[in-house]
file data-v4.csv (CSV, C-alpha atoms (C1' of nucleotides) and all ligand atoms)
chain,number,residue,atom,x,y,z
A,1,MET,CA,-37.3,4.8,-41.8
A,2,THR,CA,-40.5,5.2,-39.9
A,3,GLY,CA,-38.9,3.8,-36.7
A,4,THR,CA,-40.5,5.1,-33.5
A,5,SER,CA,-37.4,6.3,-31.7
A,6,PRO,CA,-38.3,7.2,-28.2
A,7,ASP,CA,-38.4,10.9,-27.4
A,8,PHE,CA,-35.7,11.1,-24.8
A,9,ALA,CA,-36.1,14.9,-24.5
A,10,ALA,CA,-39.7,14.5,-23.5
A,11,ARG,CA,-39.0,11.7,-21.1
A,12,LEU,CA,-36.4,14.0,-19.4
A,13,ARG,CA,-38.7,16.9,-19.3
A,14,SER,CA,-41.5,15.0,-17.7
A,15,ALA,CA,-39.0,13.9,-15.1
A,16,GLY,CA,-38.4,17.6,-14.3
A,17,LEU,CA,-35.0,17.7,-16.0
A,18,ARG,CA,-33.9,19.9,-18.8
A,19,PRO,CA,-33.1,17.9,-21.9
A,20,THR,CA,-29.5,19.1,-22.4
A,21,ARG,CA,-27.2,17.7,-25.0
A,22,GLN,CA,-25.4,15.5,-22.5
A,23,ARG,CA,-28.4,14.3,-20.6
A,24,VAL,CA,-30.1,13.3,-23.9
A,25,ALA,CA,-26.9,11.5,-25.0
A,26,LEU,CA,-26.8,9.6,-21.7
A,27,ALA,CA,-30.4,8.8,-21.8
A,28,ARG,CA,-30.0,7.5,-25.4
A,29,VAL,CA,-27.2,5.1,-24.3
A,30,LEU,CA,-29.1,4.1,-21.1
A,31,PHE,CA,-32.6,3.7,-22.4
A,32,GLY,CA,-32.1,3.2,-26.1
A,33,ALA,CA,-32.0,-0.6,-26.0
A,34,GLY,CA,-32.9,-3.3,-23.4
A,35,HIS,CA,-32.2,-3.0,-19.7
A,36,ARG,CA,-28.7,-2.1,-18.6
A,37,HIS,CA,-26.5,-2.2,-15.6
A,38,VAL,CA,-23.8,0.5,-15.8
A,39,THR,CA,-21.2,2.1,-13.6
A,40,ALA,CA,-20.4,5.8,-13.9
A,41,GLU,CA,-17.1,4.8,-15.6
A,42,SER,CA,-18.6,2.3,-18.0
A,43,LEU,CA,-21.3,4.8,-19.0
A,44,HIS,CA,-18.8,7.5,-19.4
A,45,ALA,CA,-16.8,5.3,-21.8
A,46,GLU,CA,-19.9,4.5,-23.8
A,47,VAL,CA,-21.1,8.0,-24.2
A,48,LYS,CA,-17.7,9.3,-25.1
A,49,ALA,CA,-17.8,6.7,-28.0
A,50,THR,CA,-20.8,8.6,-29.4
A,51,ARG,CA,-18.5,11.6,-29.9
A,52,ILE,CA,-20.6,13.8,-27.7
A,53,PRO,CA,-18.4,15.3,-25.1
A,54,VAL,CA,-19.5,14.6,-21.5
A,55,ALA,CA,-17.5,15.1,-18.4
A,56,LEU,CA,-17.3,12.4,-15.8
A,57,ALA,CA,-18.7,14.7,-13.2
A,58,THR,CA,-21.7,15.2,-15.5
A,59,VAL,CA,-22.2,11.4,-15.7
A,60,TYR,CA,-22.3,11.3,-11.9
A,61,ASN,CA,-24.7,14.2,-11.8
A,62,ALA,CA,-27.0,12.7,-14.3
A,63,LEU,CA,-27.0,9.2,-12.7
A,64,ASN,CA,-27.9,10.7,-9.4
A,65,GLN,CA,-30.6,12.9,-10.9
A,66,PHE,CA,-32.0,10.0,-13.0
A,67,ARG,CA,-32.0,7.9,-9.9
A,68,ASP,CA,-33.7,10.6,-7.8
A,69,ALA,CA,-36.3,11.0,-10.6
A,70,GLY,CA,-37.1,7.3,-10.5
A,71,LEU,CA,-35.6,6.6,-14.0
A,72,LEU,CA,-32.9,4.4,-12.5
A,73,HIS,CA,-32.3,2.2,-9.5
A,74,GLU,CA,-29.0,2.0,-7.7
A,75,VAL,CA,-27.8,-1.5,-7.0
A,76,VAL,CA,-25.2,-2.2,-4.3
A,77,VAL,CA,-23.6,-5.6,-4.6
A,78,ALA,CA,-19.8,-5.1,-4.5
A,79,PRO,CA,-17.8,-2.8,-2.2
A,80,GLY,CA,-16.4,0.4,-3.7
A,81,ARG,CA,-18.6,0.7,-6.8
A,82,SER,CA,-22.2,1.5,-7.6
A,83,TYR,CA,-24.2,0.0,-10.3
A,84,PHE,CA,-27.1,1.8,-11.9
A,85,ASP,CA,-30.0,-0.2,-13.3
A,86,THR,CA,-32.3,0.9,-16.0
A,87,ASN,CA,-34.7,-1.8,-14.9
A,88,THR,CA,-36.9,0.0,-12.3
A,89,GLY,CA,-39.4,-2.8,-12.1
A,90,HIS,CA,-39.7,-5.4,-9.4
A,91,HIS,CA,-36.8,-7.8,-10.0
A,92,HIS,CA,-33.7,-9.4,-8.5
A,93,HIS,CA,-30.1,-10.1,-9.5
A,94,PHE,CA,-27.6,-12.7,-10.2
A,95,PHE,CA,-24.2,-11.4,-9.4
A,96,VAL,CA,-21.2,-13.1,-11.0
A,97,GLU,CA,-18.5,-12.5,-8.4
A,98,ASN,CA,-15.6,-13.2,-10.7
A,99,ASP,CA,-16.3,-10.5,-13.3
A,100,GLY,CA,-18.7,-8.2,-11.5
A,101,GLU,CA,-21.5,-9.0,-14.0
A,102,LEU,CA,-25.2,-8.4,-13.0
A,103,HIS,CA,-28.1,-10.3,-14.5
A,104,ASP,CA,-31.8,-9.7,-13.9
A,105,PHE,CA,-34.5,-12.1,-13.1
A,106,PRO,CA,-38.1,-11.3,-12.6
A,107,ALA,CA,-39.5,-11.1,-9.1
A,108,ASP,CA,-43.0,-12.4,-9.9
A,109,LYS,CA,-41.8,-16.0,-10.1
A,110,VAL,CA,-40.0,-15.8,-6.8
A,111,THR,CA,-41.8,-16.3,-3.5
A,112,ILE,CA,-40.3,-15.2,-0.2
A,113,ALA,CA,-42.1,-16.6,2.8
A,114,GLY,CA,-41.4,-16.3,6.5
A,115,LEU,CA,-39.7,-12.9,6.6
A,116,PRO,CA,-39.9,-11.4,10.1
A,117,ALA,CA,-41.7,-8.2,10.7
A,118,PRO,CA,-39.5,-5.0,10.3
A,119,PRO,CA,-37.9,-3.7,13.4
A,120,ARG,CA,-40.3,-1.5,15.4
A,121,GLY,CA,-40.5,2.0,14.2
A,122,THR,CA,-39.5,1.1,10.6
A,123,ARG,CA,-41.5,0.6,7.4
A,124,LEU,CA,-40.6,-1.7,4.6
A,125,SER,CA,-38.9,0.0,1.7
A,126,ARG,CA,-37.9,-2.9,-0.5
A,127,VAL,CA,-36.6,-6.4,-0.5
A,128,ASP,CA,-33.5,-7.1,-2.5
A,129,VAL,CA,-32.4,-10.7,-3.3
A,130,VAL,CA,-28.8,-11.1,-4.6
A,131,VAL,CA,-27.9,-14.6,-5.8
A,132,ARG,CA,-24.1,-14.7,-5.8
A,133,VAL,CA,-22.6,-17.1,-8.3
A,134,ARG,CA,-19.0,-18.0,-9.4
A,135,ARG,CA,-17.7,-19.3,-12.7
B,1,MET,CA,-13.8,-15.6,38.9
B,2,THR,CA,-13.8,-18.9,37.1
B,3,GLY,CA,-15.3,-17.3,33.9
B,4,THR,CA,-14.5,-19.3,30.8
B,5,SER,CA,-13.2,-16.4,28.7
B,6,PRO,CA,-12.7,-17.7,25.1
B,7,ASP,CA,-9.1,-18.2,24.1
B,8,PHE,CA,-8.7,-15.8,21.2
B,9,ALA,CA,-5.1,-16.5,20.7
B,10,ALA,CA,-5.9,-20.2,20.0
B,11,ARG,CA,-8.7,-19.2,17.8
B,12,LEU,CA,-6.4,-17.0,15.7
B,13,ARG,CA,-3.7,-19.7,15.6
B,14,SER,CA,-6.1,-22.3,14.3
B,15,ALA,CA,-7.1,-19.8,11.6
B,16,GLY,CA,-3.5,-19.6,10.6
B,17,LEU,CA,-2.9,-16.2,12.0
B,18,ARG,CA,-0.3,-15.2,14.6
B,19,PRO,CA,-2.0,-14.0,17.8
B,20,THR,CA,-0.4,-10.6,17.9
B,21,ARG,CA,-1.4,-8.0,20.5
B,22,GLN,CA,-3.5,-6.1,18.0
B,23,ARG,CA,-5.2,-9.1,16.4
B,24,VAL,CA,-6.1,-10.4,19.8
B,25,ALA,CA,-7.4,-7.0,20.8
B,26,LEU,CA,-9.5,-6.9,17.7
B,27,ALA,CA,-10.8,-10.4,18.1
B,28,ARG,CA,-11.7,-9.6,21.7
B,29,VAL,CA,-13.9,-6.7,20.6
B,30,LEU,CA,-15.3,-8.6,17.6
B,31,PHE,CA,-16.0,-12.0,19.2
B,32,GLY,CA,-16.2,-11.2,22.9
B,33,ALA,CA,-19.9,-10.7,23.0
B,34,GLY,CA,-22.8,-11.4,20.7
B,35,HIS,CA,-22.8,-10.9,17.0
B,36,ARG,CA,-21.6,-7.6,15.6
B,37,HIS,CA,-21.7,-5.6,12.4
B,38,VAL,CA,-18.8,-3.2,12.2
B,39,THR,CA,-17.0,-1.0,9.8
B,40,ALA,CA,-13.3,-0.5,9.8
B,41,GLU,CA,-13.7,2.9,11.3
B,42,SER,CA,-16.2,1.9,14.0
B,43,LEU,CA,-14.0,-1.1,15.0
B,44,HIS,CA,-10.9,1.2,15.1
B,45,ALA,CA,-12.7,3.5,17.4
B,46,GLU,CA,-13.7,0.7,19.7
B,47,VAL,CA,-10.3,-0.9,19.9
B,48,LYS,CA,-8.7,2.4,20.6
B,49,ALA,CA,-11.0,2.8,23.6
B,50,THR,CA,-9.4,-0.4,25.1
B,51,ARG,CA,-6.1,1.5,25.2
B,52,ILE,CA,-4.3,-0.9,23.0
B,53,PRO,CA,-2.7,1.0,20.1
B,54,VAL,CA,-3.8,-0.2,16.7
B,55,ALA,CA,-3.3,1.6,13.4
B,56,LEU,CA,-6.3,1.9,11.1
B,57,ALA,CA,-4.3,0.1,8.4
B,58,THR,CA,-4.0,-2.8,10.8
B,59,VAL,CA,-7.7,-2.9,11.3
B,60,TYR,CA,-8.2,-3.1,7.5
B,61,ASN,CA,-5.5,-5.8,7.4
B,62,ALA,CA,-7.1,-7.8,10.2
B,63,LEU,CA,-10.6,-7.5,8.8
B,64,ASN,CA,-9.5,-8.8,5.4
B,65,GLN,CA,-7.5,-11.6,7.0
B,66,PHE,CA,-10.4,-12.6,9.3
B,67,ARG,CA,-12.7,-12.6,6.4
B,68,ASP,CA,-10.4,-14.7,4.2
B,69,ALA,CA,-10.0,-17.1,7.1
B,70,GLY,CA,-13.8,-17.4,7.4
B,71,LEU,CA,-14.1,-15.7,10.8
B,72,LEU,CA,-16.1,-12.9,9.3
B,73,HIS,CA,-18.5,-12.2,6.4
B,74,GLU,CA,-18.4,-9.0,4.4
B,75,VAL,CA,-21.8,-7.4,3.9
B,76,VAL,CA,-22.4,-4.9,1.1
B,77,VAL,CA,-25.6,-2.9,1.5
B,78,ALA,CA,-24.6,0.7,1.0
B,79,PRO,CA,-22.4,2.4,-1.5
B,80,GLY,CA,-18.9,3.4,-0.3
B,81,ARG,CA,-18.6,1.4,2.9
B,82,SER,CA,-18.1,-2.2,3.8
B,83,TYR,CA,-19.7,-3.9,6.9
B,84,PHE,CA,-18.0,-6.9,8.5
B,85,ASP,CA,-20.2,-9.4,10.2
B,86,THR,CA,-19.2,-11.7,13.0
B,87,ASN,CA,-22.2,-13.9,12.3
B,88,THR,CA,-20.9,-16.3,9.7
B,89,GLY,CA,-24.0,-18.5,9.8
B,90,HIS,CA,-26.8,-18.6,7.4
B,91,HIS,CA,-28.8,-15.5,7.9
B,92,HIS,CA,-30.1,-12.3,6.3
B,93,HIS,CA,-30.4,-8.6,7.1
B,94,PHE,CA,-32.6,-5.7,7.7
B,95,PHE,CA,-30.9,-2.6,6.7
B,96,VAL,CA,-32.2,0.7,8.1
B,97,GLU,CA,-31.5,3.1,5.3
B,98,ASN,CA,-31.7,6.2,7.5
B,99,ASP,CA,-28.9,5.4,9.9
B,100,GLY,CA,-27.1,2.6,8.2
B,101,GLU,CA,-28.0,0.0,10.9
B,102,LEU,CA,-27.9,-3.7,10.2
B,103,HIS,CA,-30.0,-6.3,12.0
B,104,ASP,CA,-29.8,-10.1,11.5
B,105,PHE,CA,-32.6,-12.5,11.1
B,106,PRO,CA,-32.2,-16.2,10.8
B,107,ALA,CA,-32.5,-17.8,7.4
B,108,ASP,CA,-34.1,-21.0,8.5
B,109,LYS,CA,-37.5,-19.5,8.9
B,110,VAL,CA,-37.3,-17.9,5.4
B,111,THR,CA,-38.3,-19.8,2.3
B,112,ILE,CA,-37.3,-18.6,-1.1
B,113,ALA,CA,-39.0,-20.5,-3.9
B,114,GLY,CA,-38.9,-20.0,-7.6
B,115,LEU,CA,-35.4,-18.8,-8.0
B,116,PRO,CA,-34.2,-19.4,-11.6
B,117,ALA,CA,-31.2,-21.6,-12.3
B,118,PRO,CA,-27.9,-19.8,-12.2
B,119,PRO,CA,-26.5,-18.5,-15.5
B,120,ARG,CA,-24.8,-21.3,-17.5
B,121,GLY,CA,-21.2,-21.8,-16.5
B,122,THR,CA,-21.8,-20.6,-13.0
B,123,ARG,CA,-22.2,-22.2,-9.6
B,124,LEU,CA,-24.3,-20.8,-6.7
B,125,SER,CA,-22.2,-19.2,-4.1
B,126,ARG,CA,-24.8,-17.8,-1.7
B,127,VAL,CA,-28.1,-16.0,-1.6
B,128,ASP,CA,-28.3,-12.7,0.2
B,129,VAL,CA,-31.6,-11.1,1.2
B,130,VAL,CA,-31.6,-7.5,2.2
B,131,VAL,CA,-34.8,-6.1,3.6
B,132,ARG,CA,-34.5,-2.4,3.3
B,133,VAL,CA,-36.6,-0.4,5.8
B,134,ARG,CA,-36.9,3.3,6.8
B,135,ARG,CA,-37.9,5.0,10.0
C,1,DC,C1',-36.4,37.2,-31.5
C,2,DA,C1',-33.8,39.7,-27.5
C,3,DA,C1',-32.7,39.6,-22.6
C,4,DG,C1',-32.5,38.0,-18.4
C,5,DT,C1',-32.4,34.4,-15.1
C,6,DA,C1',-32.1,29.9,-13.6
C,7,DC,C1',-30.2,25.7,-14.5
C,8,DT,C1',-26.1,22.8,-16.3
C,9,DT,C1',-21.6,21.5,-17.5
C,10,DT,C1',-17.0,21.2,-16.6
C,11,DA,C1',-12.0,21.0,-15.1
C,12,DG,C1',-9.8,20.5,-11.4
C,13,DA,C1',-9.6,20.5,-6.4
C,14,DA,C1',-11.4,18.1,-2.4
C,15,DT,C1',-13.2,14.0,0.3
C,16,DA,C1',-13.7,9.5,1.9
C,17,DA,C1',-12.7,4.7,2.0
C,18,DT,C1',-9.2,1.6,1.3
C,19,DT,C1',-4.7,-0.1,-0.1
C,20,DC,C1',0.2,0.2,-0.7
C,21,DC,C1',4.9,1.0,0.9
C,22,DA,C1',9.1,0.4,3.2
C,23,DA,C1',11.0,0.7,7.6
C,24,DA,C1',10.8,-0.8,12.4
C,25,DG,C1',9.0,-4.2,15.6
C,26,DA,C1',7.2,-8.8,17.2
C,27,DT,C1',6.8,-13.8,16.9
C,28,DG,C1',8.1,-18.5,17.1
C,29,DA,C1',11.1,-22.4,15.3
C,30,DA,C1',15.5,-24.0,16.1
D,1,DT,C1',19.3,-16.5,22.0
D,2,DT,C1',19.3,-16.2,17.1
D,3,DC,C1',17.3,-15.4,13.0
D,4,DA,C1',14.1,-15.8,9.5
D,5,DT,C1',9.5,-14.7,8.8
D,6,DC,C1',5.5,-12.3,9.6
D,7,DT,C1',3.2,-8.0,11.3
D,8,DT,C1',2.5,-3.3,12.4
D,9,DT,C1',2.6,1.4,11.2
D,10,DG,C1',2.6,6.3,9.5
D,11,DG,C1',2.2,8.3,5.6
D,12,DA,C1',1.8,8.3,0.7
D,13,DA,C1',-1.0,6.5,-3.1
D,14,DT,C1',-5.3,4.9,-5.3
D,15,DT,C1',-10.1,4.8,-6.4
D,16,DA,C1',-14.7,6.3,-6.4
D,17,DT,C1',-17.3,10.1,-5.8
D,18,DT,C1',-18.5,14.9,-4.6
D,19,DC,C1',-17.6,19.8,-4.5
D,20,DT,C1',-16.5,24.5,-6.4
D,21,DA,C1',-16.8,28.3,-9.1
D,22,DA,C1',-16.6,29.9,-13.6
D,23,DA,C1',-18.3,29.5,-18.3
D,24,DG,C1',-22.1,27.9,-21.2
D,25,DT,C1',-27.0,26.6,-22.3
D,26,DA,C1',-32.0,26.4,-21.9
D,27,DC,C1',-36.4,28.2,-21.0
D,28,DT,C1',-39.3,32.3,-19.9
D,29,DT,C1',-41.0,36.8,-20.9
D,30,DG,C1',-41.6,40.9,-23.4
A,201,MN,MN,-24.9,8.8,-4.9
A,202,MN,MN,-11.4,-5.8,0.9
A,203,ZN,ZN,-31.3,-5.1,-12.6
A,204,ZN,ZN,-25.4,-10.3,10.0
call {"tool": "encode", "arguments": {"input": "data-v4.csv", "output": "structure tokens"}}
result
Amino acid sequence: MTGTSPDFAARLRSAGLRPTRQRVALARVLFGAGHRHVTAESLHAEVKATRIPVALATVYNALNQFRDAGLLHEVVVAPGRSYFDTNTGHHHHFFVENDGELHDFPADKVTIAGLPAPPRGTRLSRVDVVVRVRR
Amino acid sequence: MTGTSPDFAARLRSAGLRPTRQRVALARVLFGAGHRHVTAESLHAEVKATRIPVALATVYNALNQFRDAGLLHEVVVAPGRSYFDTNTGHHHHFFVENDGELHDFPADKVTIAGLPAPPRGTRLSRVDVVVRVRR
DNA sequence: CAAGTACTTTAGAATAATTCCAAAGATGAA
DNA sequence: TTCATCTTTGGAATTATTCTAAAGTACTTG
């Protein structure tokens, strides 16, 4: 086994966060495989399955801290619930309205032309495209 | 005074809703002038100012019914709060992240090219573009 | 390594937005 | 006018999220 498992502790440290047992466990679930879209509840369920005890409040704390540190993006597509996205690159989303599923698609193939100038006194922050679909 | 004030009662009836005192009062506030983006709370505050008593639960009921009847669109741009939009036409939004303000812009000048095909088994429902800006 | 301090976790209480409930009131068809 | 149906309403309930303060852990320093 010479697998190069990412060093989550180091990644947390360089984000200015102490690599505690629960933050490392959460980072492992979040960043261990491909990109993910999670809710606080779904992440809590997953991390509990790893047998490392993490309170739901800690999941909320960590998600907000990871987001503030730039490790996650928060995606708002449905009322009443936040999705956190491990894909922090430039991309957009399909949202399956039936089951609340989110799917990424890269932004570099998408061209948006003809956007008006931002309202006076404001600076562009980001452009989010949500393609809503139904089964 | 020969002003042609829109007949809100009729509009409600043809949407399949009884024109009750509170639904008419809400419709007047919502549809009496140009396009609006309201929250349940903000609409409740406005309608109360007209001295017609309307419970907050009724505002929620009416907003959901108006939306289901196609008189309003629900816009989700910020976590924890829903905006209801009297503009049901094809358009997109600037969202001023600082103060939670929404501004419309028409969709007909905007061109979106290169969108991938919807995930198999799904049909396109609508494409929402949110341009996030900051002051 | 021992201490000390600052940061973290946590259970449970608190908030905020929204929905539910069951009783009282209003609407419209007959 | 009558009556069945729909609507409103205050307050309780629900859901997602944040707050609090006490107990625990991680880094710094000696
Ligand atoms: Mn948050
Ligand atoms: Mn709703
Ligand atoms: Zn994504
Ligand atoms: Zn709008």
call {"tool": "interface_residues", "arguments": {"input": "data-v4.csv", "of": "chain B", "to": "chain D", "cutoff": "10 Å", "atoms": "all atoms listed in the file", "output": "list of chain:residue names"}}
result
B:Leu17, B:Arg18, B:Thr20, B:Gln22, B:Arg23, B:Val54, B:Ala55, B:Leu56, B:Ala57, B:Thr58, B:Asn61, B:Pro79, B:Gly80
call {"tool": "interface_residues", "arguments": {"input": "data-v4.csv", "of": "chain A", "to": "chain B", "cutoff": "6 Å", "atoms": "only C-alpha atoms", "output": "number ranges by chain"}}
result
A: 76-77, 80, 109-115, 121-135
call {"tool": "write_last_selection", "arguments": {"input": "data-v4.csv", "atoms": "C-alpha atoms", "output": "CSV table (one decimal), in the frame of the given file"}}
result
chain,number,residue,atom,x,y,z
A,76,VAL,CA,-25.2,-2.2,-4.3
A,77,VAL,CA,-23.6,-5.6,-4.6
A,80,GLY,CA,-16.4,0.4,-3.7
A,109,LYS,CA,-41.8,-16.0,-10.1
A,110,VAL,CA,-40.0,-15.8,-6.8
A,111,THR,CA,-41.8,-16.3,-3.5
A,112,ILE,CA,-40.3,-15.2,-0.2
A,113,ALA,CA,-42.1,-16.6,2.8
A,114,GLY,CA,-41.4,-16.3,6.5
A,115,LEU,CA,-39.7,-12.9,6.6
A,121,GLY,CA,-40.5,2.0,14.2
A,122,THR,CA,-39.5,1.1,10.6
A,123,ARG,CA,-41.5,0.6,7.4
A,124,LEU,CA,-40.6,-1.7,4.6
A,125,SER,CA,-38.9,0.0,1.7
A,126,ARG,CA,-37.9,-2.9,-0.5
A,127,VAL,CA,-36.6,-6.4,-0.5
A,128,ASP,CA,-33.5,-7.1,-2.5
A,129,VAL,CA,-32.4,-10.7,-3.3
A,130,VAL,CA,-28.8,-11.1,-4.6
A,131,VAL,CA,-27.9,-14.6,-5.8
A,132,ARG,CA,-24.1,-14.7,-5.8
A,133,VAL,CA,-22.6,-17.1,-8.3
A,134,ARG,CA,-19.0,-18.0,-9.4
A,135,ARG,CA,-17.7,-19.3,-12.7
call {"tool": "calpha_fit_rmsd", "arguments": {"input": "data-v4.csv", "fixed": "chain A", "moving": "chain B"}}
result
0.1 Å
call {"tool": "residues_near_ligand", "arguments": {"input": "data-v4.csv", "ligand": "ligand MN 202 (chain A)", "cutoff": "8 Å", "atoms": "only C-alpha atoms (C1' of nucleotides) and all ligand atoms", "output": "mmCIF file with C-alpha atoms (C1' of nucleotides), in the coordinates of the input"}}
result
data_model
loop_
_atom_site.group_PDB
_atom_site.id
_atom_site.type_symbol
_atom_site.label_atom_id
_atom_site.label_comp_id
_atom_site.auth_asym_id
_atom_site.auth_seq_id
_atom_site.Cartn_x
_atom_site.Cartn_y
_atom_site.Cartn_z
ATOM 1 C CA PRO A 79 -17.800 -2.800 -2.200
ATOM 2 C CA TYR B 60 -8.200 -3.100 7.500
ATOM 3 C CA ASN B 64 -9.500 -8.800 5.400
ATOM 4 C "C1'" DT C 18 -9.200 1.600 1.300
#
call {"tool": "closest_residue", "arguments": {"input": "data-v4.csv", "among": "A:His37, A:Pro19, A:Leu26, A:Glu101", "to": "ligand ZN 203 (chain A)", "atoms": "all atoms listed in the file"}}
result
A:His37
call {"tool": "interface_residues", "arguments": {"input": "data-v4.csv", "of": "chain C", "to": "chain A", "cutoff": "10 Å", "atoms": "only C-alpha atoms (C1' of nucleotides)", "output": "MDAnalysis selection string"}}
result
chainID C and resid 7:11 17:18
call {"tool": "residues_near_ligand", "arguments": {"input": "data-v4.csv", "ligand": "ligand ZN 204 (chain A)", "cutoff": "9 Å", "atoms": "all atoms listed in the file", "output": "PyMOL selection string"}}
result
chain B and resi 35-37+73+75+84-94+102-105
call {"tool": "atom_distance", "arguments": {"input": "data-v4.csv", "atom1": "CA of Arg67 in chain A", "atom2": "CA of Ser14 in chain A"}}
result
14.2 Å
call {"tool": "atom_distance", "arguments": {"input": "data-v4.csv", "atom1": "CA of Val29 in chain B", "atom2": "CA of Val47 in chain B"}}
result
6.9 Å
call {"tool": "axis_aligned_box", "arguments": {"input": "data-v4.csv", "around": "range 57-74 of chain A", "padding_each_side": "5 Å", "output": "lines of an AutoDock Vina configuration file"}}
result
center_x = -27.9
center_y = 8.6
center_z = -11.7
size_x = 28.4
size_y = 23.2
size_z = 18.0
call {"tool": "atom_distance", "arguments": {"input": "data-v4.csv", "atom1": "C1' of DA29 in chain C", "atom2": "CA of Arg21 in chain B"}}
result
19.8 Å
call {"tool": "residues_near_point", "arguments": {"input": "data-v4.csv", "point": "(-16.0, 7.8, 11.0)", "cutoff": "12 Å", "atoms": "only C-alpha atoms (C1' of nucleotides)", "output": "list in words"}}
result
Val38, Thr39, Ala40, Glu41, Ser42, Leu43, His44, Ala45, Glu46, Leu56 and Arg81 of chain B; DA16 and DA17 of chain C
call {"tool": "residues_near_point", "arguments": {"input": "data-v4.csv", "point": "(-33.8, 14.1, -14.3)", "cutoff": "8 Å", "atoms": "all atoms listed in the file", "output": "PDB file with C-alpha atoms, keeping the file's coordinate frame"}}
result
ATOM      1  CA  LEU A  12     -36.400  14.000 -19.400  1.00  0.00           C
ATOM      2  CA  ARG A  13     -38.700  16.900 -19.300  1.00  0.00           C
ATOM      3  CA  ALA A  15     -39.000  13.900 -15.100  1.00  0.00           C
ATOM      4  CA  GLY A  16     -38.400  17.600 -14.300  1.00  0.00           C
ATOM      5  CA  LEU A  17     -35.000  17.700 -16.000  1.00  0.00           C
ATOM      6  CA  ARG A  18     -33.900  19.900 -18.800  1.00  0.00           C
ATOM      7  CA  ALA A  62     -27.000  12.700 -14.300  1.00  0.00           C
ATOM      8  CA  GLN A  65     -30.600  12.900 -10.900  1.00  0.00           C
ATOM      9  CA  PHE A  66     -32.000  10.000 -13.000  1.00  0.00           C
ATOM     10  CA  ARG A  67     -32.000   7.900  -9.900  1.00  0.00           C
ATOM     11  CA  ASP A  68     -33.700  10.600  -7.800  1.00  0.00           C
ATOM     12  CA  ALA A  69     -36.300  11.000 -10.600  1.00  0.00           C
ATOM     13  CA  LEU A  71     -35.600   6.600 -14.000  1.00  0.00           C
TER      14      LEU A  71
END
